[in-house]
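Below is the file protein.pdb, which contains PDB, C-alpha atoms.
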```
ATOM      1  CA  GLU A1299     142.470  54.045 167.722
ATOM      2  CA  SER A1300     145.031  56.079 169.658
ATOM      3  CA  LEU A1301     142.494  58.923 169.971
ATOM      4  CA  ARG A1302     140.036  56.609 171.769
ATOM      5  CA  LEU A1303     137.059  58.131 169.996
ATOM      6  CA  THR A1304     133.845  58.426 171.965
ATOM      7  CA  MET A1305     130.669  58.272 169.883
ATOM      8  CA  VAL A1306     128.051  60.991 170.439
ATOM      9  CA  GLN A1307     124.471  61.361 169.269
ATOM     10  CA  THR A1308     124.236  62.514 165.662
ATOM     11  CA  GLY A1309     122.560  65.924 165.307
ATOM     12  CA  PRO A1310     123.399  68.212 163.810
ATOM     13  CA  GLY A1311     122.940  69.347 167.400
ATOM     14  CA  ALA A1312     121.069  71.446 169.904
ATOM     15  CA  SER A1313     120.350  75.143 170.245
ATOM     16  CA  ASN A1314     119.874  76.475 173.768
ATOM     17  CA  ARG A1315     117.395  74.032 175.382
ATOM     18  CA  PHE A1316     115.963  72.694 172.121
ATOM     19  CA  LEU A1317     116.925  69.279 170.761
ATOM     20  CA  VAL A1318     117.556  68.904 167.028
ATOM     21  CA  ALA A1319     118.456  65.387 165.908
ATOM     22  CA  ASP A1320     118.351  63.030 162.949
ATOM     23  CA  PRO A1321     114.998  61.221 163.338
ATOM     24  CA  LEU A1322     116.321  58.214 161.418
ATOM     25  CA  ARG A1323     119.053  57.680 164.015
ATOM     26  CA  LEU A1324     117.292  58.980 167.102
ATOM     27  CA  PRO A1325     113.564  58.282 166.598
ATOM     28  CA  SER A1326     112.779  59.316 170.176
ATOM     29  CA  ALA A1327     113.753  62.902 169.262
ATOM     30  CA  THR A1328     111.448  63.151 166.236
ATOM     31  CA  LEU A1329     108.713  65.156 167.973
ATOM     32  CA  ASP A1330     111.257  67.505 169.590
ATOM     33  CA  THR A1331     112.891  68.123 166.224
ATOM     34  CA  ILE A1332     109.554  68.774 164.516
ATOM     35  CA  ALA A1333     108.596  71.187 167.302
ATOM     36  CA  PHE A1334     111.893  73.127 167.087
ATOM     37  CA  PRO A1335     110.559  76.697 167.581
ATOM     38  CA  LEU A1336     113.264  78.610 165.682
ATOM     39  CA  ALA A1337     112.147  77.124 162.352
ATOM     40  CA  SER A1338     108.807  77.700 160.657
ATOM     41  CA  ALA A1339     107.025  74.937 158.768
ATOM     42  CA  ALA A1340     108.342  76.432 155.520
ATOM     43  CA  ASP A1341     111.878  76.499 156.941
ATOM     44  CA  LYS A1342     111.672  72.839 157.940
ATOM     45  CA  LEU A1343     110.397  71.816 154.503
ATOM     46  CA  ARG A1344     113.127  73.770 152.699
ATOM     47  CA  LEU A1345     115.768  72.339 155.023
ATOM     48  CA  VAL A1346     114.582  68.763 154.475
ATOM     49  CA  LEU A1347     114.650  69.250 150.697
ATOM     50  CA  ALA A1348     118.145  70.786 150.868
ATOM     51  CA  ILE A1349     119.503  67.933 153.005
ATOM     52  CA  VAL A1350     117.913  65.269 150.770
ATOM     53  CA  SER A1351     119.487  66.960 147.741
ATOM     54  CA  LEU A1352     122.812  67.064 149.588
ATOM     55  CA  LYS A1353     122.648  63.360 150.428
ATOM     56  CA  LEU A1354     121.971  62.562 146.766
ATOM     57  CA  SER A1355     124.987  64.602 145.643
ATOM     58  CA  SER A1356     128.401  63.011 145.246
ATOM     59  CA  LEU A1357     131.416  64.538 146.946
ATOM     60  CA  GLU A1358     132.668  65.491 143.482
ATOM     61  CA  ASP A1359     129.432  67.428 142.930
ATOM     62  CA  ILE A1360     129.809  69.250 146.253
ATOM     63  CA  PHE A1361     133.412  70.289 145.648
ATOM     64  CA  SER A1362     132.680  71.456 142.097
ATOM     65  CA  ARG A1363     129.990  73.934 143.175
ATOM     66  CA  PRO A1364     130.627  77.699 143.202
ATOM     67  CA  ASP A1365     131.972  78.696 146.606
ATOM     68  CA  VAL A1366     130.152  81.503 148.400
ATOM     69  CA  PRO A1367     129.861  82.521 152.058
ATOM     70  CA  THR A1368     127.722  80.016 153.964
ATOM     71  CA  ARG A1369     125.304  82.785 154.947
ATOM     72  CA  ILE A1370     124.575  83.373 151.241
ATOM     73  CA  LEU A1371     124.000  79.650 150.695
ATOM     74  CA  LEU A1372     121.533  79.358 153.576
ATOM     75  CA  GLU A1373     119.665  82.557 152.828
ATOM     76  CA  GLN A1374     119.628  82.828 149.044
ATOM     77  CA  ARG A1375     120.070  79.271 147.783
ATOM     78  CA  TRP A1376     118.246  77.344 150.486
ATOM     79  CA  GLY A1377     115.754  80.098 151.278
ATOM     80  CA  LEU A1378     115.987  79.792 155.073
ATOM     81  CA  SER A1379     114.809  82.517 157.448
ATOM     82  CA  ASP A1380     117.034  84.768 159.537
ATOM     83  CA  ALA A1381     115.555  83.218 162.683
ATOM     84  CA  LEU A1382     116.754  79.719 161.770
ATOM     85  CA  ILE A1383     120.081  80.870 160.339
ATOM     86  CA  ASP A1384     121.003  83.072 163.291
ATOM     87  CA  GLY A1385     119.372  80.950 165.969
ATOM     88  CA  PHE A1386     120.771  77.571 164.938
ATOM     89  CA  PHE A1387     123.275  77.528 162.077
ATOM     90  CA  ARG A1388     125.302  80.518 163.270
ATOM     91  CA  PRO A1389     126.111  79.208 166.781
ATOM     92  CA  PHE A1390     126.415  75.551 165.782
ATOM     93  CA  PHE A1391     128.606  75.867 162.701
ATOM     94  CA  GLY A1392     130.398  78.874 164.138
ATOM     95  CA  GLY A1393     131.641  76.492 166.803
ATOM     96  CA  ILE A1394     132.810  74.005 164.179
ATOM     97  CA  PHE A1395     134.560  76.431 161.817
ATOM     98  CA  LEU A1396     135.512  78.996 164.485
ATOM     99  CA  SER A1397     134.380  81.762 162.154
ATOM    100  CA  PRO A1398     131.074  83.526 161.386
ATOM    101  CA  LEU A1399     128.835  82.240 158.600
ATOM    102  CA  GLU A1400     129.908  85.183 156.446
ATOM    103  CA  GLY A1401     133.492  83.907 156.558
ATOM    104  CA  GLN A1402     132.770  80.220 156.018
ATOM    105  CA  SER A1403     133.090  78.356 152.733
ATOM    106  CA  SER A1404     129.725  77.062 151.504
ATOM    107  CA  VAL A1405     131.493  74.102 149.891
ATOM    108  CA  LEU A1406     133.118  73.069 153.172
ATOM    109  CA  PHE A1407     129.845  73.717 155.010
ATOM    110  CA  GLU A1408     127.980  71.343 152.679
ATOM    111  CA  PHE A1409     130.757  68.773 152.976
ATOM    112  CA  VAL A1410     130.648  68.863 156.794
ATOM    113  CA  LEU A1411     126.848  68.716 156.846
ATOM    114  CA  ARG A1412     126.949  65.774 154.433
ATOM    115  CA  MET A1413     129.386  63.984 156.766
ATOM    116  CA  PHE A1414     127.012  64.608 159.685
ATOM    117  CA  THR A1415     124.151  63.019 157.754
ATOM    118  CA  ASP A1416     126.226  60.070 156.504
ATOM    119  CA  GLY A1417     128.425  59.117 159.436
ATOM    120  CA  ALA A1418     128.594  59.048 163.197
ATOM    121  CA  ALA A1419     129.975  61.930 165.230
ATOM    122  CA  ALA A1420     132.761  61.279 167.712
ATOM    123  CA  LEU A1421     135.091  63.133 170.055
ATOM    124  CA  PRO A1422     138.573  62.077 171.233
ATOM    125  CA  ALA A1423     138.556  60.880 174.847
ATOM    126  CA  GLY A1424     141.384  63.343 175.537
ATOM    127  CA  GLY A1425     139.507  66.299 174.037
ATOM    128  CA  LEU A1426     139.806  67.974 170.629
ATOM    129  CA  GLY A1427     143.410  68.947 171.351
ATOM    130  CA  ALA A1428     144.354  65.263 171.174
ATOM    131  CA  ALA A1429     143.764  65.263 167.409
ATOM    132  CA  ALA A1430     146.157  68.182 166.905
ATOM    133  CA  GLU A1431     148.724  66.520 169.161
ATOM    134  CA  GLN A1432     148.505  63.317 167.102
ATOM    135  CA  VAL A1433     149.145  65.249 163.876
ATOM    136  CA  ALA A1434     152.034  67.119 165.482
ATOM    137  CA  ALA A1435     153.584  63.857 166.706
ATOM    138  CA  GLY A1436     153.443  62.443 163.178
ATOM    139  CA  VAL A1437     155.120  65.534 161.731
ATOM    140  CA  ARG A1438     157.927  65.430 164.303
ATOM    141  CA  ALA A1439     158.391  61.677 163.824
ATOM    142  CA  ALA A1440     158.930  62.327 160.105
ATOM    143  CA  GLY A1441     161.622  64.895 160.893
ATOM    144  CA  GLY A1442     159.392  67.950 160.597
ATOM    145  CA  GLN A1443     159.400  71.042 162.789
ATOM    146  CA  ILE A1444     156.441  72.822 164.371
ATOM    147  CA  ASP A1445     156.705  76.370 165.713
ATOM    148  CA  LEU A1446     153.851  77.409 167.992
ATOM    149  CA  GLY A1447     153.047  80.990 168.970
ATOM    150  CA  THR A1448     155.296  82.297 166.208
ATOM    151  CA  ARG A1449     154.023  85.071 163.925
ATOM    152  CA  ALA A1450     155.058  85.078 160.284
ATOM    153  CA  GLU A1451     155.859  88.627 159.144
ATOM    154  CA  ARG A1452     156.243  88.073 155.409
ATOM    155  CA  VAL A1453     156.994  85.529 152.703
ATOM    156  CA  ARG A1454     159.551  85.831 149.918
ATOM    157  CA  LEU A1455     158.785  83.482 147.058
ATOM    158  CA  GLY A1456     161.662  81.581 145.554
ATOM    159  CA  ASP A1457     162.319  80.469 141.999
ATOM    160  CA  ALA A1458     162.323  76.769 141.167
ATOM    161  CA  ALA A1459     164.201  77.312 137.896
ATOM    162  CA  SER A1460     167.187  78.892 139.635
ATOM    163  CA  GLY A1461     166.947  76.717 142.730
ATOM    164  CA  ARG A1462     166.194  79.630 145.042
ATOM    165  CA  PRO A1463     163.966  78.456 147.944
ATOM    166  CA  HIS A1464     160.994  80.224 149.455
ATOM    167  CA  THR A1465     161.724  82.201 152.623
ATOM    168  CA  ILE A1466     159.409  82.803 155.573
ATOM    169  CA  VAL A1467     160.473  85.712 157.749
ATOM    170  CA  LEU A1468     159.270  85.292 161.329
ATOM    171  CA  GLU A1469     158.688  87.862 164.024
ATOM    172  CA  GLY A1470     162.063  88.777 165.453
ATOM    173  CA  GLY A1471     163.851  88.291 162.142
ATOM    174  CA  ARG A1472     164.387  84.511 162.131
ATOM    175  CA  GLN A1473     164.042  83.004 158.660
ATOM    176  CA  ILE A1474     162.935  79.589 157.449
ATOM    177  CA  THR A1475     163.633  78.385 153.907
ATOM    178  CA  CYS A1476     161.724  75.668 152.054
ATOM    179  CA  ASP A1477     161.232  74.202 148.602
ATOM    180  CA  ARG A1478     157.456  73.966 148.951
ATOM    181  CA  LEU A1479     155.163  76.375 150.753
ATOM    182  CA  VAL A1480     151.517  76.054 151.803
ATOM    183  CA  LEU A1481     149.668  79.056 153.231
ATOM    184  CA  SER A1482     146.743  77.980 155.420
ATOM    185  CA  CYS A1483     145.194  81.302 156.375
ATOM    186  CA  THR A1484     142.588  83.816 155.320
ATOM    187  CA  SER A1485     142.928  85.571 151.966
ATOM    188  CA  ARG A1486     143.555  88.861 153.781
ATOM    189  CA  GLU A1487     146.425  87.353 155.760
ATOM    190  CA  ALA A1488     147.834  85.745 152.610
ATOM    191  CA  ARG A1489     147.876  89.132 150.859
ATOM    192  CA  ARG A1490     149.677  90.636 153.846
ATOM    193  CA  LEU A1491     152.323  87.917 153.863
ATOM    194  CA  LEU A1492     152.841  87.971 150.103
ATOM    195  CA  ARG A1493     152.845  91.755 149.661
ATOM    196  CA  GLY A1494     155.971  92.512 147.664
ATOM    197  CA  ALA A1495     156.946  88.817 147.731
ATOM    198  CA  GLY A1496     158.295  88.858 144.170
ATOM    199  CA  GLY A1497     159.100  85.831 142.083
ATOM    200  CA  HIS A1498     156.882  82.804 141.532
ATOM    201  CA  GLY A1499     156.939  79.553 143.441
TER
END
```

Could I get this file's structure written as structure tokens?
Amino acid sequence: ESLRLTMVQTGPGASNRFLVADPLRLPSATLDTIAFPLASAADKLRLVLAIVSLKLSSLEDIFSRPDVPTRILLEQRWGLSDALIDGFFRPFFGGIFLSPLEGQSSVLFEFVLRMFTDGAAALPAGGLGAAAEQVAAGVRAAGGQIDLGTRAERVRLGDAASGRPHTIVLEGGRQITCDRLVLSCTSREARRLLRGAGGHG
């Protein structure tokens, strides 16, 4: 409630000047969606079958599937053309995940697409940054600390058996110790941080 969510039309969205919408929720856009020029008739049929299959899958099914780059899912598993992938999915989901299709998780892609087909889309009245600010406020209220604009140089893993905590070495030499550590970054960045970390957490 504090985010004052504003409902928006369910898509998945639009590409350039072309409207793509869920005909069941926005019947007036059915003809525009059918006429979407970046997708051939075969593309549209394959996409409908993929989305129907996705809607019939449980969340447990989605999260138990082998994870591949989203580009591989769209091209090899769903059989979609380059024109549709690069003309629609790349810009639209690139904006959601802030990464190219080649770097996106197919499991998370299917989860997000399933949420688009099941629920309504909404944006905070104060912009997307309001969601991050709400999370940050909750962390600080619980006694947590958030460091922005601070680069982590490396991580030294501790040892639970001996009581030695994990250590994060920040740019400039400052160190933070903790009993539990979660790395939310790319695999390449994780390897950089953990190179020569030693021990097991």

For a quick check of understanding, using only C-alpha atoms, which of A:Ala1430, A:Leu1399, A:Ile1466, A:Leu1406 has the smallest distance to A:Arg1363?
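Checking each of A:Ala1430, A:Leu1399, A:Ile1466, A:Leu1406 against A:Arg1363, counting only C-alpha atoms, the winner is A:Leu1406.
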
Given all atoms listed in the file as the basis, pick out the residue of A:Leu1352, A:Leu1371, A:Ala1339, A:Val1453 nearest to A:Val1480.
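Closest residue, counting all atoms listed in the file: A:Val1453.
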
Find the smallest box with edges along x, y and z containing every listed atom of stretch 1347-1358 of chain A, then add 5 Å on each side and report centre and edge lengths in Å to one decimal, as AutoDock Vina command-line options.
```
--center_x 123.7 --center_y 66.7 --center_z 148.2 --size_x 28.0 --size_y 18.2 --size_z 19.5
```

If I put a ball of radius 12 Å at (123.7, 63.4, 149.5) in the file's coordinates, which residues poke into it when counting only C-alpha atoms, written as a ChimeraX atom specification?
/A:1346-1360,1408-1417

Step by step, work through what the PyMOL selection byres ((chain A and resi 1482-1494) around 9) selects in the shown file, and finish by giving those residues as a list in words.
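This file gives the following for the PyMOL selection byres ((chain A and resi 1482-1494) around 9): Ala1450, Glu1451, Arg1452, Val1453, Arg1454, Leu1455, Ile1466, Val1480, Leu1481, Ala1495 and Gly1496 of chain A.
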
Can you tell me, as an MDAnalysis selection string, which residues sit within 10 Å of (114.4, 82.0, 155.4) in the file's frame, using all atoms listed in the file?
chainID A and resid 1337:1338 1340:1342 1344:1345 1372:1383

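For the pair atom CA of A:Asp1477 and atom CA of A:His1464, the separation is 6.1 Å.
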
Mind rebuilding stretch 1367-1382 of chain A with N, CA and C atoms and writing that out as a CSV table (one decimal), in the frame of the given file?
```csv
chain,number,residue,atom,x,y,z
A,1367,PRO,N,130.0,82.6,150.6
A,1367,PRO,CA,129.9,82.5,152.1
A,1367,PRO,C,128.7,81.7,152.5
A,1368,THR,N,128.8,80.9,153.5
A,1368,THR,CA,127.7,80.0,154.0
A,1368,THR,C,126.4,80.8,154.2
A,1369,ARG,N,126.5,82.0,154.7
A,1369,ARG,CA,125.3,82.8,154.9
A,1369,ARG,C,124.5,83.0,153.6
A,1370,ILE,N,125.2,83.2,152.5
A,1370,ILE,CA,124.6,83.4,151.2
A,1370,ILE,C,123.9,82.1,150.8
A,1371,LEU,N,124.6,81.0,151.0
A,1371,LEU,CA,124.0,79.6,150.7
A,1371,LEU,C,122.7,79.4,151.4
A,1372,LEU,N,122.7,79.6,152.8
A,1372,LEU,CA,121.5,79.4,153.6
A,1372,LEU,C,120.4,80.3,153.3
A,1373,GLU,N,120.7,81.6,153.0
A,1373,GLU,CA,119.7,82.6,152.8
A,1373,GLU,C,119.1,82.6,151.4
A,1374,GLN,N,120.0,82.6,150.4
A,1374,GLN,CA,119.6,82.8,149.0
A,1374,GLN,C,119.4,81.5,148.3
A,1375,ARG,N,120.2,80.5,148.5
A,1375,ARG,CA,120.1,79.3,147.8
A,1375,ARG,C,119.1,78.3,148.5
A,1376,TRP,N,119.2,78.2,149.8
A,1376,TRP,CA,118.2,77.3,150.5
A,1376,TRP,C,117.0,78.0,150.9
A,1377,GLY,N,117.0,79.4,151.0
A,1377,GLY,CA,115.8,80.1,151.3
A,1377,GLY,C,115.3,80.0,152.7
A,1378,LEU,N,116.3,79.9,153.7
A,1378,LEU,CA,116.0,79.8,155.1
A,1378,LEU,C,115.8,81.2,155.7
A,1379,SER,N,115.1,81.2,156.8
A,1379,SER,CA,114.8,82.5,157.4
A,1379,SER,C,116.0,82.9,158.3
A,1380,ASP,N,116.0,84.2,158.6
A,1380,ASP,CA,117.0,84.8,159.5
A,1380,ASP,C,117.0,84.1,160.9
A,1381,ALA,N,115.7,83.8,161.4
A,1381,ALA,CA,115.6,83.2,162.7
A,1381,ALA,C,116.3,81.9,162.8
A,1382,LEU,N,116.1,81.0,161.8
A,1382,LEU,CA,116.8,79.7,161.8
A,1382,LEU,C,118.3,79.8,161.6
```
